[in-house]
Amino acid sequence: MKPIALFCQHPQAQVWQEDIAALMSQAQLVAWPQVNPAVRYAIVWSPTQAFFDAHPHLELVFNMGAGVDALLKLRLPPKARLVRIEDGGMAVQMAEYVSHAVIRHFRELDVYAQTSAAAQWTQRRPRLRTEFPVGIMGLGVLGSRVAEAVRQFDFPVVGWSRNPREMEGVQCFHGEAQFGDFLAATRILVCMVPLTPQTRGILNHAHLSQLQAGGYVINVARGDHLVEEDLLALLASGHLAGATLDVTRTEPLPADHPLWQDPRVTITPHISAQTMVSVSIAQMVEKIAAAQRGETPDGVVDPVRGY
Ligand code: NAP
């Protein structure tokens, strides 16, 4: 097996490195800051520009995560293609996180948490799920799994992607021209698109105003999709009923940020779907084996479209 360069800036970097070494026992691993300028393959998590500059002959760069927006800001060697993890144990986590957020909002479980804390036995009128259509922005590996999960609870589900898609039980919209129709058909919006020049700031006042009254926003993609001031303004006006945000523009979210203050906003620290090391490494071993057989591995990123 050809040598593989490793760059892993993660709290569990040591564990990851040991797992990679165990699963790729045939490979010679070159762990940054060690350098082998001739190396053709790299496995990375949050790499620096210096790492790429030191390995100018890289052909395939395997990212340990699904999102590649940060990597695409770096200057990769001329022949390097970026390969991302697909699913890698994250789809089921996204499905449970989003289903939980949708159900918590729909069943008013936050209200019951308050009445429970006050030792009050107060029943509320049941709500109609037909009045809570869920709109999934992005029907890729993660978004399609989320759509399928939410559908199991009989919510009406609509989806939006760049290209036309068909999914059983999901009314699909695509492209900029149909974005307005998608928003108008949505009350609970789930953001699952990658961060690209086209999607940065897409959750803004103009777009969120087009959600049905009492709209709810779930952002599990990237903090820069959401214009946080616009969300706060639409919560203040009453057009939006609340939000669950797993990602924020600044992470960690500063303690004095107004998003922490609004009880209708639930914040989690970017944990909706975490990379499962063993599953991801097993996937990467397969992708590298495919590359070494001269095949193109699945999950090659198109740098022009940005995902
Ligand atoms: P994916 O398989 O590449 O799917 C992306 C989807 O978004 C596709 O359906 C694509 O449309 C659609 N899309 C992209 N640009 C669009 C645009 N301009 N307009 C409309 N639709 C657009 O990605 P994935 O694996 O599902 O991951 C999605 C994102 O989740 C990642 O990029 C990452 O940012 C985020 N993520 C977050 C966490 C977390 O813990 N919070 C964890 C993992 C991933 P087409 O189908 O037409 O190509």
# chains A, B, ... in the order shown; residues from 1 in each chain; ligands from 1
call {"tool": "residues_near_ligand", "arguments": {"ligand": "ligand 1", "cutoff": "6 Å", "atoms": "only C-alpha atoms and all ligand atoms", "output": "JSON list (two decimals) with N, CA and C atoms, in the first residue's frame"}}
result
[["chain", "number", "residue", "atom", "x", "y", "z"],
["A", 66, "ALA", "N", -18.60, 15.06, 6.53],
["A", 66, "ALA", "CA", -19.49, 15.19, 5.37],
["A", 66, "ALA", "C", -19.38, 16.58, 4.73],
["A", 67, "GLY", "N", -19.18, 17.61, 5.56],
["A", 67, "GLY", "CA", -19.14, 18.99, 5.04],
["A", 67, "GLY", "C", -17.72, 19.37, 4.63],
["A", 86, "GLU", "N", -19.59, 9.73, 3.25],
["A", 86, "GLU", "CA", -21.03, 9.74, 2.98],
["A", 86, "GLU", "C", -21.71, 8.92, 4.06],
["A", 138, "GLY", "N", -32.36, 20.33, 1.01],
["A", 138, "GLY", "CA", -31.24, 19.42, 0.80],
["A", 138, "GLY", "C", -31.71, 17.99, 0.96],
["A", 139, "LEU", "N", -31.74, 17.26, -0.17],
["A", 139, "LEU", "CA", -32.21, 15.87, -0.13],
["A", 139, "LEU", "C", -31.06, 14.93, -0.48],
["A", 140, "GLY", "N", -29.89, 15.21, 0.10],
["A", 140, "GLY", "CA", -28.72, 14.37, -0.17],
["A", 140, "GLY", "C", -28.70, 13.18, 0.76],
["A", 141, "VAL", "N", -27.48, 12.73, 1.07],
["A", 141, "VAL", "CA", -27.32, 11.52, 1.89],
["A", 141, "VAL", "C", -28.04, 11.71, 3.23],
["A", 142, "LEU", "N", -27.85, 12.85, 3.88],
["A", 142, "LEU", "CA", -28.44, 13.06, 5.20],
["A", 142, "LEU", "C", -29.89, 13.52, 5.10],
["A", 143, "GLY", "N", -30.17, 14.48, 4.20],
["A", 143, "GLY", "CA", -31.52, 15.04, 4.09],
["A", 143, "GLY", "C", -32.55, 14.00, 3.70],
["A", 160, "TRP", "N", -36.46, 20.09, -1.01],
["A", 160, "TRP", "CA", -35.90, 21.02, -2.00],
["A", 160, "TRP", "C", -34.45, 20.63, -2.28],
["A", 161, "SER", "N", -34.09, 20.56, -3.54],
["A", 161, "SER", "CA", -32.71, 20.23, -3.92],
["A", 161, "SER", "C", -32.33, 21.09, -5.13],
["A", 162, "ARG", "N", -31.09, 20.91, -5.58],
["A", 162, "ARG", "CA", -30.65, 21.71, -6.74],
["A", 162, "ARG", "C", -31.23, 21.12, -8.02],
["A", 163, "ASN", "N", -31.11, 19.80, -8.13],
["A", 163, "ASN", "CA", -31.62, 19.09, -9.31],
["A", 163, "ASN", "C", -32.94, 18.41, -8.97],
["A", 175, "GLY", "N", -34.28, 23.85, -7.38],
["A", 175, "GLY", "CA", -33.77, 25.07, -8.01],
["A", 175, "GLY", "C", -34.34, 26.35, -7.40],
["A", 192, "MET", "N", -30.50, 21.40, 5.55],
["A", 192, "MET", "CA", -29.55, 20.29, 5.39],
["A", 192, "MET", "C", -28.75, 20.43, 4.10],
["A", 193, "VAL", "N", -28.67, 21.68, 3.57],
["A", 193, "VAL", "CA", -27.85, 21.88, 2.36],
["A", 193, "VAL", "C", -26.41, 22.15, 2.77],
["A", 194, "PRO", "N", -25.45, 21.87, 1.88],
["A", 194, "PRO", "CA", -24.07, 22.23, 2.21],
["A", 194, "PRO", "C", -23.88, 23.75, 2.15],
["A", 195, "LEU", "N", -22.85, 24.24, 2.81],
["A", 195, "LEU", "CA", -22.56, 25.68, 2.75],
["A", 195, "LEU", "C", -21.76, 25.97, 1.50],
["A", 198, "GLN", "N", -23.89, 29.82, -2.95],
["A", 198, "GLN", "CA", -25.33, 29.97, -3.23],
["A", 198, "GLN", "C", -26.17, 29.84, -1.96],
["A", 199, "THR", "N", -25.68, 29.14, -0.95],
["A", 199, "THR", "CA", -26.53, 28.86, 0.22],
["A", 199, "THR", "C", -26.13, 29.66, 1.46],
["A", 220, "VAL", "N", -29.31, 22.29, 11.02],
["A", 220, "VAL", "CA", -28.31, 21.27, 11.38],
["A", 220, "VAL", "C", -27.19, 21.23, 10.34],
["A", 221, "ALA", "N", -27.10, 22.31, 9.53],
["A", 221, "ALA", "CA", -26.09, 22.29, 8.46],
["A", 221, "ALA", "C", -24.86, 23.11, 8.89],
["A", 222, "ARG", "N", -24.88, 24.41, 8.64],
["A", 222, "ARG", "CA", -23.77, 25.27, 9.05],
["A", 222, "ARG", "C", -24.35, 26.59, 9.58],
["A", 246, "ASP", "N", -28.36, 23.66, 15.86],
["A", 246, "ASP", "CA", -27.22, 22.83, 16.27],
["A", 246, "ASP", "C", -25.91, 23.51, 15.88],
["A", 270, "HIS", "N", -23.30, 21.75, 18.16],
["A", 270, "HIS", "CA", -22.81, 21.09, 16.93],
["A", 270, "HIS", "C", -22.60, 19.58, 17.17],
["A", 271, "ILE", "N", -23.67, 18.94, 17.62],
["A", 271, "ILE", "CA", -23.56, 17.51, 17.93],
["A", 271, "ILE", "C", -24.63, 16.68, 17.21],
["A", 272, "SER", "N", -25.40, 17.32, 16.31],
["A", 272, "SER", "CA", -26.54, 16.59, 15.73],
["A", 272, "SER", "C", -26.09, 15.30, 15.05],
["A", 273, "ALA", "N", -24.94, 15.32, 14.39],
["A", 273, "ALA", "CA", -24.42, 14.10, 13.77],
["A", 273, "ALA", "C", -22.91, 14.14, 13.86],
["A", 274, "GLN", "N", -22.37, 13.29, 14.69],
["A", 274, "GLN", "CA", -20.92, 13.31, 14.88],
["A", 274, "GLN", "C", -20.27, 12.17, 14.10],
["A", 307, "TYR", "N", -19.80, 21.06, -3.29],
["A", 307, "TYR", "CA", -20.18, 19.95, -2.41],
["A", 307, "TYR", "C", -20.09, 18.63, -3.15]]
call {"tool": "residues_around", "arguments": {"residues": "Ser237 in chain A", "least_positions_apart": "4", "cutoff": "12 Å", "atoms": "only C-alpha atoms", "output": "NGL selection string"}}
result
:A and (205 or 209 or 213-215 or 230-233 or 241-242)
call {"tool": "write_last_selection", "arguments": {"atoms": "N, CA, C and O atoms", "output": "PDB file, in the first residue's frame"}}
result
ATOM      1  N   HIS A 205     -34.218  37.085   6.197  1.00  0.00           N
ATOM      2  CA  HIS A 205     -35.550  37.648   6.458  1.00  0.00           C
ATOM      3  C   HIS A 205     -36.491  37.400   5.285  1.00  0.00           C
ATOM      4  O   HIS A 205     -37.635  36.949   5.464  1.00  0.00           O
ATOM      5  N   SER A 209     -39.545  34.789   5.925  1.00  0.00           N
ATOM      6  CA  SER A 209     -40.882  35.409   5.950  1.00  0.00           C
ATOM      7  C   SER A 209     -41.869  34.631   5.087  1.00  0.00           C
ATOM      8  O   SER A 209     -43.073  34.775   5.246  1.00  0.00           O
ATOM      9  N   ALA A 213     -47.212  30.889   8.632  1.00  0.00           N
ATOM     10  CA  ALA A 213     -47.250  31.585   9.931  1.00  0.00           C
ATOM     11  C   ALA A 213     -47.013  30.579  11.052  1.00  0.00           C
ATOM     12  O   ALA A 213     -47.461  29.433  10.977  1.00  0.00           O
ATOM     13  N   GLY A 214     -46.272  31.002  12.070  1.00  0.00           N
ATOM     14  CA  GLY A 214     -45.938  30.082  13.162  1.00  0.00           C
ATOM     15  C   GLY A 214     -44.818  29.135  12.759  1.00  0.00           C
ATOM     16  O   GLY A 214     -44.702  28.043  13.308  1.00  0.00           O
ATOM     17  N   GLY A 215     -44.011  29.566  11.803  1.00  0.00           N
ATOM     18  CA  GLY A 215     -42.924  28.718  11.285  1.00  0.00           C
ATOM     19  C   GLY A 215     -41.880  28.394  12.353  1.00  0.00           C
ATOM     20  O   GLY A 215     -41.757  29.089  13.366  1.00  0.00           O
ATOM     21  N   ASP A 230     -31.952  38.153  11.601  1.00  0.00           N
ATOM     22  CA  ASP A 230     -33.248  38.021  10.909  1.00  0.00           C
ATOM     23  C   ASP A 230     -34.137  37.016  11.634  1.00  0.00           C
ATOM     24  O   ASP A 230     -35.341  37.204  11.756  1.00  0.00           O
ATOM     25  N   LEU A 231     -33.533  35.945  12.136  1.00  0.00           N
ATOM     26  CA  LEU A 231     -34.312  34.968  12.904  1.00  0.00           C
ATOM     27  C   LEU A 231     -34.879  35.646  14.154  1.00  0.00           C
ATOM     28  O   LEU A 231     -36.076  35.512  14.460  1.00  0.00           O
ATOM     29  N   LEU A 232     -34.024  36.403  14.852  1.00  0.00           N
ATOM     30  CA  LEU A 232     -34.480  37.062  16.084  1.00  0.00           C
ATOM     31  C   LEU A 232     -35.598  38.056  15.780  1.00  0.00           C
ATOM     32  O   LEU A 232     -36.588  38.141  16.519  1.00  0.00           O
ATOM     33  N   ALA A 233     -35.476  38.788  14.654  1.00  0.00           N
ATOM     34  CA  ALA A 233     -36.517  39.766  14.290  1.00  0.00           C
ATOM     35  C   ALA A 233     -37.834  39.057  13.998  1.00  0.00           C
ATOM     36  O   ALA A 233     -38.910  39.515  14.406  1.00  0.00           O
ATOM     37  N   ALA A 241     -42.222  30.755  15.387  1.00  0.00           N
ATOM     38  CA  ALA A 241     -42.584  30.300  16.738  1.00  0.00           C
ATOM     39  C   ALA A 241     -41.356  29.832  17.519  1.00  0.00           C
ATOM     40  O   ALA A 241     -41.410  29.737  18.745  1.00  0.00           O
ATOM     41  N   GLY A 242     -40.266  29.535  16.832  1.00  0.00           N
ATOM     42  CA  GLY A 242     -39.090  29.066  17.552  1.00  0.00           C
ATOM     43  C   GLY A 242     -38.063  28.476  16.608  1.00  0.00           C
ATOM     44  O   GLY A 242     -38.233  28.501  15.379  1.00  0.00           O
TER      45      GLY A 242
END
call {"tool": "select_by_dssp", "arguments": {"residues": "range 88-255 of chain A", "states": "helix (DSSP H, G or I)", "output": "number ranges by chain"}}
result
A: 90-106, 109-117, 129-131, 141-151, 176-184, 205-208, 223-225, 228-237
call {"tool": "residues_around", "arguments": {"residues": "Phe153 in chain A", "least_positions_apart": "6", "cutoff": "9 Å", "atoms": "only C-alpha atoms", "output": "list of chain:residue names"}}
result
A:Ser99, A:Ile103, A:Arg129
call {"tool": "residues_around", "arguments": {"residues": "Pro269 in chain A", "least_positions_apart": "5", "cutoff": "8 Å", "atoms": "only C-alpha atoms", "output": "NGL selection string"}}
result
:A and (246-247 or 251-252)
call {"tool": "closest_residue", "arguments": {"among": "A:Leu183, A:Ala21, A:Phe106, A:Val285", "to": "Arg125 in chain A", "atoms": "only C-alpha atoms"}}
result
A:Phe106
